[in-house]
Structure formats: C-alpha cells, structure tokens
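Chemist: Pasting query.tsv here (TSV, C-alpha atoms):
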chain	number	residue	atom	x	y	z
A	1	MET	CA	-13.41	-2.90	5.50
A	2	GLY	CA	-10.04	-4.65	5.54
A	3	SER	CA	-8.36	-1.34	4.72
A	4	ILE	CA	-10.03	0.39	7.65
A	5	VAL	CA	-8.79	-2.32	10.02
A	6	LYS	CA	-5.21	-1.66	8.88
A	7	THR	CA	-5.37	2.07	9.73
A	8	GLY	CA	-4.60	1.63	13.40
A	9	ARG	CA	-6.10	3.82	16.09
A	10	ALA	CA	-6.08	7.26	14.48
A	11	PRO	CA	-9.52	8.74	13.92
A	12	ILE	CA	-10.67	8.93	10.31
A	13	ALA	CA	-10.67	12.64	9.42
A	14	GLY	CA	-12.63	12.23	6.20
A	15	VAL	CA	-13.85	9.91	3.46
A	16	LEU	CA	-13.07	10.48	-0.21
A	17	ALA	CA	-15.34	9.32	-3.01
A	18	PRO	CA	-13.64	7.21	-5.72
A	19	GLY	CA	-11.17	9.46	-7.56
A	20	GLU	CA	-11.95	12.54	-5.43
A	21	ARG	CA	-8.94	14.85	-4.98
A	22	VAL	CA	-7.66	15.74	-1.54
A	23	GLU	CA	-8.17	19.48	-1.11
A	24	GLY	CA	-6.43	20.79	2.01
A	25	GLN	CA	-7.69	18.00	4.27
A	26	ARG	CA	-5.34	16.69	6.94
A	27	GLY	CA	-5.20	13.52	8.97
A	28	LEU	CA	-6.19	9.97	8.09
A	29	LEU	CA	-8.36	10.03	4.99
A	30	PHE	CA	-10.17	6.92	3.82
A	31	ALA	CA	-10.49	6.57	0.04
A	32	ALA	CA	-13.72	4.66	-0.56
A	33	THR	CA	-12.61	2.61	-3.56
A	34	PRO	CA	-13.35	-0.91	-4.76
A	35	ALA	CA	-11.18	-3.57	-3.13
A	36	SER	CA	-9.51	-4.64	-6.39
A	37	ASP	CA	-5.80	-3.78	-6.10
A	38	PHE	CA	-5.62	-2.27	-9.56
A	39	VAL	CA	-8.80	-0.17	-9.33
A	40	CYS	CA	-8.01	0.92	-5.77
A	41	GLY	CA	-4.52	2.09	-6.74
A	42	THR	CA	-5.76	3.93	-9.84
A	43	LEU	CA	-8.43	5.81	-7.89
A	44	GLN	CA	-6.02	6.63	-5.07
A	45	LEU	CA	-3.62	8.07	-7.66
A	46	ALA	CA	-6.49	10.23	-8.91
A	47	ALA	CA	-6.95	11.47	-5.32
A	48	GLY	CA	-3.32	12.60	-5.20
A	49	MET	CA	-1.49	9.64	-3.65
A	50	THR	CA	2.30	9.97	-4.00
A	51	VAL	CA	3.50	6.78	-2.24
A	52	HIS	CA	1.41	3.63	-1.93
A	53	VAL	CA	1.92	1.35	1.08
A	54	PHE	CA	0.39	-1.93	-0.04
A	55	THR	CA	-0.04	-4.69	2.53
A	56	THR	CA	-0.32	-8.14	1.09
A	57	GLY	CA	-1.03	-11.53	2.55
A	58	ARG	CA	-0.77	-13.31	-0.80
A	59	GLY	CA	2.14	-11.56	-2.49
A	60	THR	CA	0.21	-9.80	-5.24
A	61	PRO	CA	2.71	-8.73	-7.94
A	62	TYR	CA	1.51	-5.14	-8.09
A	63	GLY	CA	2.98	-1.80	-9.01
A	64	LEU	CA	1.92	1.57	-10.36
A	65	PRO	CA	3.76	3.58	-13.02
A	66	ALA	CA	3.01	6.96	-11.41
A	67	CYS	CA	4.17	6.38	-7.82
A	68	PRO	CA	6.28	3.99	-5.77
A	69	VAL	CA	4.46	1.02	-4.25
A	70	ILE	CA	5.96	-0.25	-0.99
A	71	LYS	CA	4.81	-3.84	-0.61
A	72	VAL	CA	4.54	-5.00	2.99
A	73	SER	CA	4.17	-8.72	3.70
A	74	THR	CA	2.02	-9.77	6.62
A	75	ARG	CA	3.94	-13.03	7.06
A	76	SER	CA	7.68	-13.74	7.03
A	77	GLU	CA	7.15	-16.93	5.00
A	78	LEU	CA	5.67	-14.78	2.23
A	79	ALA	CA	8.59	-12.34	2.41
A	80	ARG	CA	11.04	-15.25	2.05
A	81	ARG	CA	9.12	-16.75	-0.88
A	82	TRP	CA	8.74	-13.40	-2.67
A	83	HIS	CA	12.06	-11.87	-1.55
A	84	ASP	CA	12.33	-9.95	-4.82
A	85	LEU	CA	8.82	-8.42	-4.59
A	86	ILE	CA	8.41	-7.56	-0.90
A	87	ASP	CA	9.90	-4.31	0.42
A	88	LEU	CA	9.15	-4.81	4.12
A	89	ASP	CA	8.42	-7.93	6.16
A	90	ALA	CA	5.94	-7.18	8.98
A	91	GLY	CA	5.89	-10.83	10.07
A	92	PRO	CA	8.35	-10.36	12.96
A	93	ALA	CA	5.66	-8.37	14.79
A	94	LEU	CA	3.53	-11.51	14.85
A	95	THR	CA	6.27	-13.80	16.14
A	96	GLY	CA	7.54	-11.37	18.78
A	97	ALA	CA	10.90	-10.92	17.06
A	98	ALA	CA	10.00	-7.23	16.67
A	99	THR	CA	7.40	-4.89	18.10
A	100	VAL	CA	4.66	-3.19	16.11
A	101	GLN	CA	6.52	0.05	16.83
A	102	ASP	CA	9.73	-1.42	15.34
A	103	ILE	CA	7.87	-2.34	12.16
A	104	GLY	CA	6.20	1.09	12.10
A	105	HIS	CA	9.56	2.82	12.32
A	106	ALA	CA	10.97	0.60	9.57
A	107	LEU	CA	7.97	1.41	7.39
A	108	PHE	CA	8.36	5.12	8.07
A	109	ARG	CA	12.02	4.93	7.00
A	110	GLN	CA	10.96	2.98	3.88
A	111	ILE	CA	8.39	5.67	2.98
A	112	LEU	CA	11.01	8.42	3.40
A	113	ALA	CA	13.46	6.46	1.24
A	114	ALA	CA	10.88	5.91	-1.53
A	115	ALA	CA	9.81	9.56	-1.39
A	116	SER	CA	13.49	10.51	-1.69
A	117	GLY	CA	13.95	8.47	-4.87
A	118	GLU	CA	15.09	5.05	-3.64
A	119	LYS	CA	13.48	2.45	-5.87
A	120	THR	CA	11.00	-0.09	-4.52
A	121	TRP	CA	11.08	-3.66	-5.80
A	122	SER	CA	8.25	-3.02	-8.25
A	123	GLU	CA	10.18	-0.04	-9.64
A	124	ARG	CA	13.42	-2.05	-9.88
A	125	TRP	CA	11.64	-4.78	-11.84
A	126	ARG	CA	9.52	-2.24	-13.76
A	127	LEU	CA	6.44	-4.05	-12.53
A	128	HIS	CA	3.62	-1.69	-13.43
A	129	ASN	CA	0.02	-2.72	-13.78
A	130	ALA	CA	-2.32	-0.99	-16.17
A	131	LEU	CA	-4.44	1.74	-14.65
A	132	ALA	CA	-8.03	0.53	-14.24
A	133	LEU	CA	-11.03	2.67	-13.32
A	134	PHE	CA	-13.46	-0.21	-13.18
A	135	ASN	CA	-13.13	-3.76	-11.89
A	136	PRO	CA	-12.63	-5.95	-14.99
A	137	ALA	CA	-13.78	-9.04	-13.08
A	138	PRO	CA	-17.35	-9.93	-12.15
A	139	VAL	CA	-18.49	-8.37	-8.90
A	140	THR	CA	-19.67	-11.02	-6.46
Translate this file's structure into structure tokens.

Modeler:
Amino acid sequence: MGSIVKTGRAPIAGVLAPGERVEGQRGLLFAATPASDFVCGTLQLAAGMTVHVFTTGRGTPYGLPACPVIKVSTRSELARRWHDLIDLDAGPALTGAATVQDIGHALFRQILAAASGEKTWSERWRLHNALALFNPAPVT
C-alpha cells in the first residue's frame, strides 16, 4: 500500500499481476508485486519497466542491471549520508525549501536524463542486485 500512497492524485488506470506485461494500456498502472525491493524490481522489469524511480527512506543500496534506477531520498539527512547513492533529494519539499512541484520537475528532468543515457549512481558504481522472482526471506 505504500507504493499506492506515493502515486499522487492520478487515478489508477489498471492493475498488473506480478510479471504481467503492459499491452497498450495508458495512464498510471499499479504493478501488484511483493514489497521486497529486489522482487518488486524484477517483476516490474518483466512488465516492461524501462526506468525505475525508487523512493527510499532508509537508503537501500539497490540497482538493476537491465534499467536505470533513480533513487529518491525522502529526507535530506539521508541524501547527505548517502551522497554517492542518492540521485534526487526530495527532502526540501518537507522543509519548505522547495515545493512538491519543484521536486516533481527535478524528478522529471532526472527521468529524461536517465532515459537519454545519463548514468544514475547505481549505474556509475555498477551496483546491480540479482534478479529475484520470489522473496528469499520469510514472509511475515
């Protein structure tokens, strides 16, 4: 449910089963995958994802070999601590130093840059996690 909260106000146009390919659908699509970063990313790749915007509150060192992962920190302290892993600091929207729209525009520019070949931090450091179809940890 945390992923749904991060989608904003756009209506959800459809829900994809784990690993289901997008076939001509448009709009905000929710990929119903397990919450595990590694499984979620693998199954979203299977659905046709080409750029992954990954919000993190903990600084998960995460990357995928098949597409750029733009890591967005929710807090500026995290972005300072993990300056070589975080691509965009969204913290200024919380402190009032920037608006949500400012951060959205910065993220949009970051997505365009990654889609145009600019390397994200995980690509620069060659930080790529193994693809995982199932959660290797116990489900609680």

Chemist: Pick out the closest residue to Leu45 (chain A) from this set: A:Ala32, A:Ile111, A:Ala66, A:Leu16. Count only C-alpha atoms.

Modeler: A:Ala66

Chemist: What lies within 9 Å of region 72-75 of chain A using only C-alpha atoms, ignoring chain neighbours under 3 positions off, as a PyMOL selection string?

Modeler: chain A and resi 53-59+78-80+86-92+94+107

Chemist: Quick one: pull the distance between CA of Lys71 (chain A) and CA of Ala35 (chain A), Å, one decimal.

Modeler: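 Straight-line distance from CA of Lys71 (chain A) to CA of Ala35 (chain A) works out to 16.2 Å.
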
Chemist: With distances taken over only C-alpha atoms, which residue among A:Trp82, A:Phe30, A:Phe38, A:Trp125 lies nearest Ala13 (chain A)?

Modeler: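 Residue with the minimum atom-to-atom distance to Ala13 (chain A): A:Phe30.
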
Chemist: If I take CA of Met49 (chain A) and CA of Glu118 (chain A), how far is one from the other in Å, to one decimal?

Modeler: 17.2 Å

Chemist: Which residue, A:Leu28, A:Thr50, A:Cys67, A:Glu23, has the smallest gap to Ala10 (chain A) when you use only C-alpha atoms?

Modeler: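 Going through A:Leu28, A:Thr50, A:Cys67, A:Glu23 one by one, the smallest distance to Ala10 (chain A) is for A:Leu28.
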
Chemist: Which neighbours of region 119-122 of chain A fall inside 8 Å, counting all atoms listed in the file, when residues of the same chain fewer than 5 positions from it are skipped, and could you give them as a PDB file with C-alpha atoms, in the frame of the given file?

Modeler:
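Output file part_27.pdb is given in full below:
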ATOM      1  CA  PRO A  61       2.710  -8.730  -7.940  1.00  0.00           C
ATOM      2  CA  TYR A  62       1.510  -5.140  -8.090  1.00  0.00           C
ATOM      3  CA  GLY A  63       2.980  -1.800  -9.010  1.00  0.00           C
ATOM      4  CA  PRO A  68       6.280   3.990  -5.770  1.00  0.00           C
ATOM      5  CA  VAL A  69       4.460   1.020  -4.250  1.00  0.00           C
ATOM      6  CA  ILE A  70       5.960  -0.250  -0.990  1.00  0.00           C
ATOM      7  CA  ASP A  84      12.330  -9.950  -4.820  1.00  0.00           C
ATOM      8  CA  LEU A  85       8.820  -8.420  -4.590  1.00  0.00           C
ATOM      9  CA  ILE A  86       8.410  -7.560  -0.900  1.00  0.00           C
ATOM     10  CA  ASP A  87       9.900  -4.310   0.420  1.00  0.00           C
ATOM     11  CA  ALA A 114      10.880   5.910  -1.530  1.00  0.00           C
ATOM     12  CA  LEU A 127       6.440  -4.050 -12.530  1.00  0.00           C
ATOM     13  CA  HIS A 128       3.620  -1.690 -13.430  1.00  0.00           C
TER      14      HIS A 128
END

Chemist: To one decimal place in Å, what is the distance between CA of Val39 (chain A) and CA of Leu131 (chain A)?

Modeler: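 Answer for the CA of Val39 (chain A) to CA of Leu131 (chain A) separation: 7.1 Å.
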
Chemist: Would you mind listing what lies within 10 Å of Gly104 (chain A) as a PyMOL selection string, with only C-alpha atoms counted and same-chain residues fewer than 5 positions away left out?

Modeler: chain A and resi 90+93+99+109-110

Chemist: Dump as a list in words all residues having an atom at most 10 Å from (-16.9, 11.3, -5.8), computed in the file's coordinates with only C-alpha atoms.

Modeler: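 Final list of nearby residues, as requested, is Val15, Leu16, Ala17, Pro18, Gly19, Glu20, Arg21, Ala31, Ala32, Thr33 and Ala47 of chain A.
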
Chemist: Restore N, CA and C atoms in region 105-138 of chain A and list the result as a JSON list (two decimals), in the frame of the given file.

Modeler:
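Just written: selection.json:
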[["chain", "number", "residue", "atom", "x", "y", "z"],
["A", 105, "HIS", "N", 8.39, 1.98, 12.59],
["A", 105, "HIS", "CA", 9.56, 2.82, 12.32],
["A", 105, "HIS", "C", 10.25, 2.39, 11.03],
["A", 106, "ALA", "N", 10.36, 1.09, 10.81],
["A", 106, "ALA", "CA", 10.97, 0.60, 9.57],
["A", 106, "ALA", "C", 10.15, 1.05, 8.36],
["A", 107, "LEU", "N", 8.83, 0.98, 8.49],
["A", 107, "LEU", "CA", 7.97, 1.41, 7.39],
["A", 107, "LEU", "C", 8.12, 2.91, 7.15],
["A", 108, "PHE", "N", 8.18, 3.68, 8.21],
["A", 108, "PHE", "CA", 8.36, 5.12, 8.07],
["A", 108, "PHE", "C", 9.66, 5.42, 7.32],
["A", 109, "ARG", "N", 10.74, 4.73, 7.70],
["A", 109, "ARG", "CA", 12.02, 4.93, 7.00],
["A", 109, "ARG", "C", 11.91, 4.52, 5.53],
["A", 110, "GLN", "N", 11.15, 3.45, 5.25],
["A", 110, "GLN", "CA", 10.96, 2.98, 3.88],
["A", 110, "GLN", "C", 10.18, 4.03, 3.06],
["A", 111, "ILE", "N", 9.16, 4.62, 3.66],
["A", 111, "ILE", "CA", 8.39, 5.67, 2.98],
["A", 111, "ILE", "C", 9.29, 6.86, 2.66],
["A", 112, "LEU", "N", 10.08, 7.30, 3.64],
["A", 112, "LEU", "CA", 11.01, 8.42, 3.40],
["A", 112, "LEU", "C", 12.00, 8.08, 2.29],
["A", 113, "ALA", "N", 12.51, 6.86, 2.28],
["A", 113, "ALA", "CA", 13.46, 6.46, 1.24],
["A", 113, "ALA", "C", 12.80, 6.48, -0.14],
["A", 114, "ALA", "N", 11.59, 5.92, -0.24],
["A", 114, "ALA", "CA", 10.88, 5.91, -1.53],
["A", 114, "ALA", "C", 10.56, 7.33, -1.98],
["A", 115, "ALA", "N", 10.13, 8.17, -1.05],
["A", 115, "ALA", "CA", 9.81, 9.56, -1.39],
["A", 115, "ALA", "C", 11.06, 10.34, -1.79],
["A", 116, "SER", "N", 12.22, 9.86, -1.36],
["A", 116, "SER", "CA", 13.49, 10.51, -1.69],
["A", 116, "SER", "C", 14.14, 9.94, -2.95],
["A", 117, "GLY", "N", 13.45, 8.99, -3.60],
["A", 117, "GLY", "CA", 13.95, 8.47, -4.87],
["A", 117, "GLY", "C", 14.50, 7.06, -4.85],
["A", 118, "GLU", "N", 14.63, 6.44, -3.68],
["A", 118, "GLU", "CA", 15.09, 5.05, -3.64],
["A", 118, "GLU", "C", 14.02, 4.16, -4.28],
["A", 119, "LYS", "N", 14.43, 3.27, -5.14],
["A", 119, "LYS", "CA", 13.48, 2.45, -5.87],
["A", 119, "LYS", "C", 12.93, 1.31, -5.01],
["A", 120, "THR", "N", 11.64, 1.07, -5.13],
["A", 120, "THR", "CA", 11.00, -0.09, -4.52],
["A", 120, "THR", "C", 11.23, -1.28, -5.44],
["A", 121, "TRP", "N", 10.89, -2.48, -4.95],
["A", 121, "TRP", "CA", 11.08, -3.66, -5.80],
["A", 121, "TRP", "C", 10.28, -3.57, -7.09],
["A", 122, "SER", "N", 9.05, -3.10, -7.02],
["A", 122, "SER", "CA", 8.25, -3.02, -8.25],
["A", 122, "SER", "C", 8.88, -2.04, -9.24],
["A", 123, "GLU", "N", 9.50, -0.99, -8.74],
["A", 123, "GLU", "CA", 10.18, -0.04, -9.64],
["A", 123, "GLU", "C", 11.45, -0.66, -10.22],
["A", 124, "ARG", "N", 12.20, -1.40, -9.39],
["A", 124, "ARG", "CA", 13.42, -2.05, -9.88],
["A", 124, "ARG", "C", 13.11, -3.03, -11.01],
["A", 125, "TRP", "N", 12.03, -3.79, -10.85],
["A", 125, "TRP", "CA", 11.64, -4.78, -11.84],
["A", 125, "TRP", "C", 10.74, -4.21, -12.93],
["A", 126, "ARG", "N", 10.44, -2.91, -12.82],
["A", 126, "ARG", "CA", 9.52, -2.24, -13.76],
["A", 126, "ARG", "C", 8.18, -2.97, -13.83],
["A", 127, "LEU", "N", 7.71, -3.35, -12.66],
["A", 127, "LEU", "CA", 6.44, -4.05, -12.53],
["A", 127, "LEU", "C", 5.34, -3.00, -12.37],
["A", 128, "HIS", "N", 4.66, -2.71, -13.46],
["A", 128, "HIS", "CA", 3.62, -1.69, -13.43],
["A", 128, "HIS", "C", 2.36, -2.26, -14.06],
["A", 129, "ASN", "N", 1.30, -2.26, -13.27],
["A", 129, "ASN", "CA", 0.02, -2.72, -13.78],
["A", 129, "ASN", "C", -0.68, -1.60, -14.53],
["A", 130, "ALA", "N", -1.55, -1.98, -15.44],
["A", 130, "ALA", "CA", -2.32, -0.99, -16.17],
["A", 130, "ALA", "C", -3.26, -0.27, -15.19],
["A", 131, "LEU", "N", -3.49, 1.00, -15.46],
["A", 131, "LEU", "CA", -4.44, 1.74, -14.65],
["A", 131, "LEU", "C", -5.84, 1.25, -15.01],
["A", 132, "ALA", "N", -6.69, 1.07, -14.02],
["A", 132, "ALA", "CA", -8.03, 0.53, -14.24],
["A", 132, "ALA", "C", -9.03, 1.32, -13.39],
["A", 133, "LEU", "N", -10.01, 1.92, -14.06],
["A", 133, "LEU", "CA", -11.03, 2.67, -13.32],
["A", 133, "LEU", "C", -12.19, 1.80, -12.86],
["A", 134, "PHE", "N", -12.37, 0.67, -13.52],
["A", 134, "PHE", "CA", -13.46, -0.21, -13.18],
["A", 134, "PHE", "C", -12.92, -1.63, -13.00],
["A", 135, "ASN", "N", -13.54, -2.40, -12.12],
["A", 135, "ASN", "CA", -13.13, -3.76, -11.89],
["A", 135, "ASN", "C", -13.43, -4.61, -13.13],
["A", 136, "PRO", "N", -12.39, -5.16, -13.78],
["A", 136, "PRO", "CA", -12.63, -5.95, -14.99],
["A", 136, "PRO", "C", -13.24, -7.32, -14.70],
["A", 137, "ALA", "N", -13.24, -7.73, -13.45],
["A", 137, "ALA", "CA", -13.78, -9.04, -13.08],
["A", 137, "ALA", "C", -15.23, -8.90, -12.65],
["A", 138, "PRO", "N", -15.96, -9.99, -12.64],
["A", 138, "PRO", "CA", -17.35, -9.93, -12.15],
["A", 138, "PRO", "C", -17.37, -9.55, -10.67]]
